[in-house]
$ cat entry09.txt   # compact mmCIF, C-alpha atoms
# COMPACT_ATOMS: atom_id res chain seq x y z
CA MET A 1 -42.27 211.31 -226.44
CA THR A 2 -38.94 209.59 -225.86
CA ARG A 3 -36.28 211.11 -223.64
CA ASP A 4 -33.85 211.33 -226.60
CA LEU A 5 -36.43 213.33 -228.58
CA GLU A 6 -36.99 215.63 -225.63
CA ARG A 7 -33.26 216.28 -225.41
CA LEU A 8 -33.07 216.93 -229.15
CA GLN A 9 -35.91 219.45 -229.00
CA LYS A 10 -34.30 221.15 -226.03
CA LYS A 11 -30.96 221.31 -227.85
CA LEU A 12 -32.57 222.82 -230.95
CA ALA A 13 -34.40 225.36 -228.83
CA GLY A 14 -31.21 226.26 -226.95
CA ASP A 15 -30.37 226.10 -223.25
CA GLY A 16 -32.88 227.46 -220.78
CA PRO A 17 -32.07 230.00 -218.04
CA ALA A 18 -30.93 227.33 -215.57
CA GLU A 19 -28.46 225.78 -218.01
CA LYS A 20 -27.18 229.21 -219.03
CA GLN A 21 -26.64 230.19 -215.41
CA VAL A 22 -24.55 227.08 -214.75
CA LEU A 23 -22.60 227.59 -217.98
CA LEU A 24 -21.91 231.21 -217.02
CA LEU A 25 -20.58 230.15 -213.63
CA LYS A 26 -18.26 227.62 -215.25
CA LEU A 27 -16.96 230.11 -217.81
CA MET A 28 -16.19 232.67 -215.12
CA HIS A 29 -14.56 230.02 -212.93
CA GLU A 30 -12.20 229.01 -215.74
CA PHE A 31 -11.47 232.67 -216.48
CA GLU A 32 -10.50 233.33 -212.87
CA THR A 33 -8.47 230.11 -212.39
CA ALA A 34 -6.51 230.07 -215.66
CA PRO A 35 -3.12 228.42 -215.02
CA ASN A 36 0.29 229.93 -215.76
CA PHE A 37 1.42 228.74 -219.21
CA GLY A 38 5.12 229.38 -218.66
CA GLU A 39 7.72 230.30 -221.26
CA LYS A 40 7.82 227.10 -223.35
CA TYR A 41 5.03 225.15 -225.06
CA VAL A 42 3.73 222.23 -223.00
CA ALA A 43 2.46 219.37 -225.17
CA ASP A 44 1.64 216.95 -222.36
CA ALA A 45 -2.14 216.40 -222.46
CA SER A 46 -2.18 215.74 -218.71
CA SER A 47 -0.52 219.08 -217.92
CA GLU A 48 -2.56 221.77 -216.20
CA PRO A 49 -2.51 224.20 -219.16
CA GLN A 50 -3.61 221.56 -221.68
CA GLN A 51 -6.38 220.28 -219.43
CA TRP A 52 -7.59 223.86 -218.96
CA ILE A 53 -7.58 224.44 -222.72
CA ALA A 54 -9.60 221.24 -223.24
CA ARG A 55 -12.16 222.29 -220.64
CA ILE A 56 -12.68 225.78 -222.02
CA GLY A 57 -12.94 224.36 -225.55
CA ALA A 58 -15.87 222.21 -224.46
CA LEU A 59 -17.52 225.15 -222.67
CA LEU A 60 -17.10 227.57 -225.58
CA ALA A 61 -18.50 225.00 -228.02
CA ARG A 62 -21.56 224.80 -225.76
CA VAL A 63 -22.07 228.56 -226.00
CA GLY A 64 -22.28 228.59 -229.80
CA LEU A 65 -20.63 227.91 -233.15
CA GLN A 66 -18.89 231.27 -233.42
CA HIS A 67 -17.23 230.76 -230.05
CA LYS A 68 -16.17 227.26 -231.06
CA VAL A 69 -14.60 228.60 -234.27
CA ALA A 70 -12.82 231.41 -232.40
CA PHE A 71 -11.45 228.88 -229.90
CA GLN A 72 -10.13 226.64 -232.68
CA SER A 73 -8.39 229.60 -234.28
CA CYS A 74 -6.75 230.49 -230.99
CA ARG A 75 -5.83 226.86 -230.40
CA ASN A 76 -4.15 226.61 -233.81
CA THR A 77 -1.82 229.52 -233.04
CA CYS A 78 -1.08 228.79 -229.38
CA VAL A 79 1.95 226.58 -230.14
CA GLN A 80 3.71 229.41 -231.93
CA TYR A 81 2.64 232.07 -229.42
CA TRP A 82 2.44 229.91 -226.30
CA ARG A 83 3.90 232.43 -223.85
CA VAL A 84 1.18 235.01 -224.56
CA SER A 85 -1.69 232.72 -225.65
CA ARG A 86 -3.24 232.48 -222.17
CA GLU A 87 -4.78 235.94 -222.44
CA PRO A 88 -6.48 235.41 -225.83
CA PHE A 89 -8.10 232.29 -224.37
CA ARG A 90 -9.26 234.31 -221.36
CA GLN A 91 -10.66 236.97 -223.68
CA LEU A 92 -12.73 234.29 -225.42
CA LEU A 93 -14.10 233.21 -222.04
CA MET A 94 -14.99 236.79 -221.15
CA MET A 95 -16.74 237.44 -224.47
CA ALA A 96 -18.79 234.27 -224.13
CA SER A 97 -19.67 235.19 -220.54
CA GLU A 98 -20.84 238.65 -221.52
CA GLU A 99 -23.00 237.20 -224.29
CA ILE A 100 -24.72 234.84 -221.84
CA LYS A 101 -25.17 237.65 -219.31
CA LEU A 102 -26.89 239.75 -221.97
CA GLU A 103 -29.16 236.86 -223.00
CA LEU A 104 -30.15 236.27 -219.38
CA GLU A 105 -30.80 239.99 -218.86
CA LEU A 106 -32.96 240.23 -221.97
CA ASP A 107 -34.93 237.19 -220.78
CA GLY A 108 -35.36 238.66 -217.30
CA HIS A 109 -33.06 236.08 -215.68
CA GLU A 110 -29.95 238.19 -215.10
CA ASP A 111 -29.64 237.12 -211.45
CA ILE A 112 -27.81 233.88 -210.78
CA GLY A 113 -30.39 231.58 -209.26
CA GLN A 114 -34.04 232.34 -208.61
CA VAL A 115 -36.04 233.35 -205.56
CA TYR A 116 -39.62 232.10 -205.29
CA GLY A 117 -42.21 233.66 -203.05
CA SER A 118 -45.08 231.79 -201.47
CA GLU A 119 -47.72 230.69 -203.98
CA GLN A 120 -45.10 230.31 -206.73
CA GLN A 121 -45.30 226.55 -206.67
CA TYR A 122 -45.74 226.20 -210.43
CA ASP A 123 -42.66 228.32 -211.21
CA PHE A 124 -40.48 226.37 -208.80
CA GLN A 125 -41.70 222.99 -210.03
CA ARG A 126 -41.18 224.02 -213.67
CA ASP A 127 -37.63 225.21 -213.06
CA LEU A 128 -36.55 222.29 -210.89
CA ARG A 129 -38.04 219.74 -213.30
CA GLY A 130 -36.17 221.46 -216.12
CA ILE A 131 -32.90 221.09 -214.24
CA ILE A 132 -33.57 217.42 -213.49
CA GLN A 133 -34.65 216.65 -217.05
CA GLY A 134 -31.39 218.13 -218.31
CA ALA A 135 -29.40 215.35 -216.62
CA GLN A 136 -27.50 213.05 -218.95
CA LYS A 137 -26.44 210.32 -216.53
CA GLU A 138 -27.59 210.79 -212.95
CA VAL A 139 -29.83 212.77 -210.61
CA PHE A 140 -28.87 212.81 -206.91
CA VAL A 141 -31.37 214.47 -204.56
CA VAL A 142 -30.45 215.27 -200.95
CA ASP A 143 -33.32 216.52 -198.79
CA PRO A 144 -34.08 215.48 -195.19
CA TYR A 145 -37.82 216.06 -195.76
CA PHE A 146 -38.13 214.58 -199.25
CA ASP A 147 -41.33 212.50 -199.46
CA GLY A 148 -43.29 210.31 -201.85
CA GLN A 149 -45.22 213.15 -203.47
CA ALA A 150 -41.98 214.99 -204.22
CA PHE A 151 -40.63 211.84 -205.86
CA ASP A 152 -43.65 211.66 -208.18
CA THR A 153 -43.62 215.39 -208.95
CA PHE A 154 -39.94 215.86 -209.72
CA LEU A 155 -38.36 212.51 -210.55
CA SER A 156 -41.00 210.66 -212.55
CA PRO A 157 -40.69 213.07 -215.54
CA SER A 158 -37.06 211.89 -215.96
CA ARG A 159 -38.58 208.75 -217.59
CA GLY A 160 -35.90 206.42 -216.29
CA SER A 161 -33.20 207.46 -218.75
CA CYS A 162 -30.87 208.44 -215.89
CA SER A 163 -29.96 206.72 -212.68
CA ILE A 164 -31.62 208.20 -209.61
CA ARG A 165 -30.38 208.46 -206.03
CA VAL A 166 -32.33 209.96 -203.14
CA LEU A 167 -30.85 210.63 -199.72
CA CYS A 168 -33.60 211.56 -197.27
CA SER A 169 -34.58 211.19 -193.63
CA ARG A 170 -37.90 211.97 -191.96
CA TYR A 171 -40.27 210.67 -194.65
CA SER A 172 -37.97 207.98 -195.99
CA ASN A 173 -40.61 205.25 -195.72
CA GLU A 174 -42.97 207.22 -197.99
CA VAL A 175 -40.49 207.30 -200.88
CA ALA A 176 -40.34 203.53 -201.41
CA GLY A 177 -43.88 203.30 -202.86
CA PRO A 178 -43.43 205.83 -205.70
CA ALA A 179 -39.95 204.43 -206.34
CA LYS A 180 -41.46 200.97 -206.78
CA ALA A 181 -44.01 202.29 -209.30
CA PHE A 182 -41.22 204.14 -211.12
CA MET A 183 -39.15 200.96 -211.26
CA SER A 184 -42.09 198.98 -212.64
CA GLN A 185 -42.81 201.50 -215.40
CA TYR A 186 -39.31 202.53 -216.47
CA LYS A 187 -37.30 199.38 -215.60
CA VAL A 188 -34.76 201.46 -213.68
CA ILE A 189 -34.20 200.87 -209.98
CA PRO A 190 -33.86 204.12 -207.99
CA GLU A 191 -31.41 203.94 -205.10
CA LEU A 192 -32.81 205.19 -201.80
CA LYS A 193 -30.98 205.80 -198.53
CA ARG A 194 -31.70 207.48 -195.20
CA SER A 195 -29.43 209.52 -192.95
CA LYS A 196 -29.97 211.67 -189.87
CA ALA A 197 -26.90 213.77 -190.72
CA LEU A 198 -28.67 215.85 -193.40
CA HIS A 199 -29.20 219.60 -193.29
CA ASP A 200 -28.87 221.03 -196.81
CA ARG A 201 -31.32 220.50 -199.64
CA VAL A 202 -29.39 219.99 -202.87
CA VAL A 203 -29.89 218.51 -206.32
CA ILE A 204 -26.73 217.20 -207.98
CA ILE A 205 -26.79 216.65 -211.72
CA ASP A 206 -24.34 214.24 -213.40
CA ARG A 207 -22.01 214.52 -210.37
CA THR A 208 -20.84 217.93 -211.57
CA ASP A 209 -23.59 220.57 -211.21
CA CYS A 210 -24.96 221.31 -207.76
CA TRP A 211 -28.11 223.33 -207.02
CA VAL A 212 -28.98 224.43 -203.49
CA ILE A 213 -32.63 224.80 -202.48
CA GLY A 214 -33.69 227.18 -199.73
CA GLY A 215 -36.25 224.87 -198.14
CA SER A 216 -37.53 221.36 -198.47
CA ILE A 217 -38.63 220.46 -201.99
CA LYS A 218 -41.98 219.26 -200.70
CA ASP A 219 -42.81 222.71 -199.24
CA ALA A 220 -41.98 224.73 -202.35
CA GLY A 221 -44.86 227.07 -203.12
CA ALA A 222 -46.19 227.00 -199.58
CA LYS A 223 -43.10 228.79 -198.27
CA PRO A 224 -40.60 231.20 -199.90
CA THR A 225 -37.52 229.43 -201.24
CA TYR A 226 -34.69 229.77 -203.73
CA LEU A 227 -32.88 227.67 -206.32
CA LEU A 228 -29.18 228.53 -206.61
CA PRO A 229 -26.36 226.96 -208.68
CA LEU A 230 -23.02 226.67 -206.90
CA GLN A 231 -19.71 227.82 -208.33
CA PRO A 232 -17.74 224.76 -209.63
CA THR A 233 -15.13 224.56 -206.85
CA ILE A 234 -17.73 224.92 -204.09
CA ALA A 235 -20.03 222.51 -205.92
CA GLN A 236 -17.36 219.81 -205.96
CA GLU A 237 -16.73 220.24 -202.23
CA LYS A 238 -20.45 219.90 -201.57
CA ILE A 239 -20.69 216.85 -203.83
CA ASN A 240 -17.79 215.17 -202.03
CA ILE A 241 -19.50 215.71 -198.67
CA TYR A 242 -22.72 214.06 -199.78
CA GLU A 243 -20.97 211.23 -201.56
CA ASP A 244 -19.34 210.41 -198.21
CA LEU A 245 -22.71 210.64 -196.43
CA TRP A 246 -24.25 208.42 -199.08
CA CYS A 247 -21.66 205.72 -198.44
CA GLU A 248 -22.44 205.79 -194.71
CA ALA A 249 -26.25 205.99 -195.03
CA ALA A 250 -28.66 203.10 -194.52
CA ALA A 251 -30.35 201.62 -197.59
CA ILE A 252 -34.12 201.83 -198.07
CA HIS A 253 -35.26 198.62 -199.71
CA ILE A 254 -37.83 198.67 -202.50
CA ASN A 255 -39.89 195.52 -202.18
CA PRO A 256 -40.60 193.92 -205.59
$ encode --input "entry09.txt" --output "structure tokens"
Amino acid sequence: MTRDLERLQKKLAGDGPAEKQVLLLKLMHEFETAPNFGEKYVADASSEPQQWIARIGALLARVGLQHKVAFQSCRNTCVQYWRVSREPFRQLLMMASEEIKLELELDGHEDIGQVYGSEQQYDFQRDLRGIIQGAQKEVFVVDPYFDGQAFDTFLSPSRGSCSIRVLCSRYSNEVAGPAKAFMSQYKVIPELKRSKALHDRVVIIDRTDCWVIGGSIKDAGAKPTYLLPLQPTIAQEKINIYEDLWCEAAAIHINP
């Protein structure tokens, strides 16, 4: 099955709990950080209000068609009622958020993130693979104890459609072998680096979504852990930190 077909099937089936949790966080973040629109209509696309409107339009379209239609209706009248249009937009965000909360509650996933007890290895692997397979462009894994087996378990299912970066430490030499096999099969070269400055275990998807893991990925199932999406502002701060560490880290070469 091709990666494009997998994505299509996933889209037709709807977002899973992990995607819904991230979407909910983003909706609530935009609700809480809505800019002041001022007294007069601002047409400049680079202005803060217009950029905010563009972002929430994309998010509401992701929630569903009815939310996309409601947003377009509000957008069409905002020029005439600019001074008071901020609140109708915020109401749309709140309605979409409440709908997702209800869906998560009905599915038994009302808590943001997931805690996994010992012996829940399958559940953790399923959920983390689902997050990784949802990437459109890039998967960036940061884990000081990430090893070769973890590479095979979690990154090989991505089928090479996205770029892959791994920042690790203690078992860095073990990752090169699986990365070489991955490169041979999928014709994509994973980037590997090592750094002694690592502490967190995070998975960053498409340089925007950041998931924090309670323990090393390789120990999931043997020890209790958690998988938690970060709120957008905090996520960006965390991403910036590890982008800086990545630039300073030493490359791990994959011998052809």
$ residues_around --input "entry09.txt" --residues "A:Val212" --least-positions-apart "6" --cutoff "6 Å" --atoms "all atoms listed in the file" --output "MDAnalysis selection string"
chainID A and resid 201:202 227:228
$ atom_distance --input "entry09.txt" --atom1 "atom CA of A:Lys68" --atom2 "atom CA of A:Leu23"
14.6 Å
$ atom_distance --input "entry09.txt" --atom1 "atom CA of A:Cys210" --atom2 "atom CA of A:Asn173"
25.5 Å
$ atom_distance --input "entry09.txt" --atom1 "atom CA of A:Thr208" --atom2 "atom CA of A:Ala18"
14.4 Å
$ closest_residue --input "entry09.txt" --among "A:Cys78, A:Ala250, A:Leu93, A:Ile205" --to "A:Gly130" --atoms "only C-alpha atoms"
A:Ile205
$ closest_residue --input "entry09.txt" --among "A:Ala34, A:Ile254, A:Leu60, A:Val79" --to "A:Glu99" --atoms "only C-alpha atoms"
A:Leu60
$ residues_around --input "entry09.txt" --residues "A:Gln72" --least-positions-apart "2" --cutoff "12 Å" --atoms "only C-alpha atoms" --output "list in words"
Ile53, Ala54, Ile56, Gly57, Ala58, Leu60, Ala61, Leu65, Gln66, His67, Lys68, Val69, Ala70, Cys74, Arg75, Asn76, Thr77, Cys78, Pro88, Phe89 and Leu92 of chain A
$ closest_residue --input "entry09.txt" --among "A:Ser156, A:Tyr171, A:Ser46, A:Ile100" --to "A:Lys26" --atoms "all atoms listed in the file"
A:Ile100
$ residues_around --input "entry09.txt" --residues "A:Asp123" --least-positions-apart "2" --cutoff "12 Å" --atoms "all atoms listed in the file" --output "list in words"
Gln114, Val115, Tyr116, Gly117, Ser118, Glu119, Gln120, Gln121, Gln125, Arg126, Asp127, Leu128, Arg129, Gly130, Ala220, Gly221, Pro224, Thr225, Tyr226 and Leu227 of chain A
$ closest_residue --input "entry09.txt" --among "A:Phe140, A:Tyr145, A:Phe31, A:Phe182" --to "A:Glu243" --atoms "only C-alpha atoms"
A:Phe140
$ closest_residue --input "entry09.txt" --among "A:Arg194, A:Pro229, A:Arg55, A:Ala43" --to "A:Lys20" --atoms "all atoms listed in the file"
A:Pro229
$ closest_residue --input "entry09.txt" --among "A:Ile213, A:Met94, A:Ile252, A:Ile204" --to "A:Val141" --atoms "all atoms listed in the file"
A:Ile204
$ build_atoms --input "entry09.txt" --residues "stretch 74-103 of chain A" --atoms "N, CA and C atoms" --output "mmCIF file, keeping the file's coordinate frame"
data_model
loop_
_atom_site.group_PDB
_atom_site.id
_atom_site.type_symbol
_atom_site.label_atom_id
_atom_site.label_comp_id
_atom_site.auth_asym_id
_atom_site.auth_seq_id
_atom_site.Cartn_x
_atom_site.Cartn_y
_atom_site.Cartn_z
ATOM 1 N N CYS A 74 -7.704 230.195 -232.051
ATOM 2 C CA CYS A 74 -6.750 230.490 -230.990
ATOM 3 C C CYS A 74 -5.903 229.261 -230.670
ATOM 4 N N ARG A 75 -6.538 228.116 -230.672
ATOM 5 C CA ARG A 75 -5.830 226.860 -230.400
ATOM 6 C C ARG A 75 -4.770 226.578 -231.460
ATOM 7 N N ASN A 76 -5.080 226.889 -232.710
ATOM 8 C CA ASN A 76 -4.150 226.610 -233.810
ATOM 9 C C ASN A 76 -2.882 227.470 -233.745
ATOM 10 N N THR A 77 -2.977 228.627 -233.101
ATOM 11 C CA THR A 77 -1.820 229.520 -233.040
ATOM 12 C C THR A 77 -1.104 229.490 -231.682
ATOM 13 N N CYS A 78 -1.639 228.729 -230.728
ATOM 14 C CA CYS A 78 -1.080 228.790 -229.380
ATOM 15 C C CYS A 78 0.308 228.161 -229.287
ATOM 16 N N VAL A 79 0.622 227.195 -230.169
ATOM 17 C CA VAL A 79 1.950 226.580 -230.140
ATOM 18 C C VAL A 79 3.010 227.630 -230.465
ATOM 19 N N GLN A 80 2.749 228.399 -231.493
ATOM 20 C CA GLN A 80 3.710 229.410 -231.930
ATOM 21 C C GLN A 80 3.798 230.572 -230.935
ATOM 22 N N TYR A 81 2.679 230.927 -230.326
ATOM 23 C CA TYR A 81 2.640 232.070 -229.420
ATOM 24 C C TYR A 81 2.274 231.629 -227.997
ATOM 25 N N TRP A 82 2.827 230.538 -227.568
ATOM 26 C CA TRP A 82 2.440 229.910 -226.300
ATOM 27 C C TRP A 82 2.561 230.861 -225.107
ATOM 28 N N ARG A 83 3.626 231.594 -225.026
ATOM 29 C CA ARG A 83 3.900 232.430 -223.850
ATOM 30 C C ARG A 83 2.800 233.468 -223.623
ATOM 31 N N VAL A 84 2.193 233.951 -224.703
ATOM 32 C CA VAL A 84 1.180 235.010 -224.560
ATOM 33 C C VAL A 84 -0.230 234.515 -224.902
ATOM 34 N N SER A 85 -0.384 233.222 -225.166
ATOM 35 C CA SER A 85 -1.690 232.720 -225.650
ATOM 36 C C SER A 85 -2.723 232.576 -224.533
ATOM 37 N N ARG A 86 -2.290 232.605 -223.281
ATOM 38 C CA ARG A 86 -3.240 232.480 -222.170
ATOM 39 C C ARG A 86 -4.281 233.589 -222.204
ATOM 40 N N GLU A 87 -3.851 234.808 -222.477
ATOM 41 C CA GLU A 87 -4.780 235.940 -222.440
ATOM 42 C C GLU A 87 -5.805 235.907 -223.572
ATOM 43 N N PRO A 88 -5.431 235.546 -224.809
ATOM 44 C CA PRO A 88 -6.480 235.410 -225.830
ATOM 45 C C PRO A 88 -7.540 234.375 -225.465
ATOM 46 N N PHE A 89 -7.123 233.283 -224.830
ATOM 47 C CA PHE A 89 -8.100 232.290 -224.370
ATOM 48 C C PHE A 89 -9.017 232.906 -223.327
ATOM 49 N N ARG A 90 -8.453 233.670 -222.391
ATOM 50 C CA ARG A 90 -9.260 234.310 -221.360
ATOM 51 C C ARG A 90 -10.225 235.336 -221.966
ATOM 52 N N GLN A 91 -9.781 236.009 -223.010
ATOM 53 C CA GLN A 91 -10.660 236.970 -223.680
ATOM 54 C C GLN A 91 -11.860 236.260 -224.310
ATOM 55 N N LEU A 92 -11.624 235.067 -224.859
ATOM 56 C CA LEU A 92 -12.730 234.290 -225.420
ATOM 57 C C LEU A 92 -13.736 233.919 -224.330
ATOM 58 N N LEU A 93 -13.225 233.542 -223.162
ATOM 59 C CA LEU A 93 -14.100 233.210 -222.040
ATOM 60 C C LEU A 93 -14.918 234.422 -221.613
ATOM 61 N N MET A 94 -14.286 235.581 -221.571
ATOM 62 C CA MET A 94 -14.990 236.790 -221.150
ATOM 63 C C MET A 94 -16.064 237.182 -222.158
ATOM 64 N N MET A 95 -15.753 237.092 -223.452
ATOM 65 C CA MET A 95 -16.740 237.440 -224.470
ATOM 66 C C MET A 95 -17.948 236.513 -224.406
ATOM 67 N N ALA A 96 -17.687 235.225 -224.232
ATOM 68 C CA ALA A 96 -18.790 234.270 -224.130
ATOM 69 C C ALA A 96 -19.623 234.545 -222.881
ATOM 70 N N SER A 97 -18.962 234.891 -221.784
ATOM 71 C CA SER A 97 -19.670 235.190 -220.540
ATOM 72 C C SER A 97 -20.563 236.406 -220.695
ATOM 73 N N GLU A 98 -20.043 237.434 -221.337
ATOM 74 C CA GLU A 98 -20.840 238.650 -221.520
ATOM 75 C C GLU A 98 -22.039 238.389 -222.429
ATOM 76 N N GLU A 99 -21.867 237.526 -223.411
ATOM 77 C CA GLU A 99 -23.000 237.200 -224.290
ATOM 78 C C GLU A 99 -24.107 236.498 -223.501
ATOM 79 N N ILE A 100 -23.719 235.552 -222.639
ATOM 80 C CA ILE A 100 -24.720 234.840 -221.840
ATOM 81 C C ILE A 100 -25.381 235.796 -220.850
ATOM 82 N N LYS A 101 -24.595 236.673 -220.238
ATOM 83 C CA LYS A 101 -25.170 237.650 -219.310
ATOM 84 C C LYS A 101 -26.234 238.500 -220.004
ATOM 85 N N LEU A 102 -25.933 238.933 -221.230
ATOM 86 C CA LEU A 102 -26.890 239.750 -221.970
ATOM 87 C C LEU A 102 -28.148 238.953 -222.292
ATOM 88 N N GLU A 103 -27.997 237.698 -222.698
ATOM 89 C CA GLU A 103 -29.160 236.860 -223.000
ATOM 90 C C GLU A 103 -30.036 236.697 -221.758
#
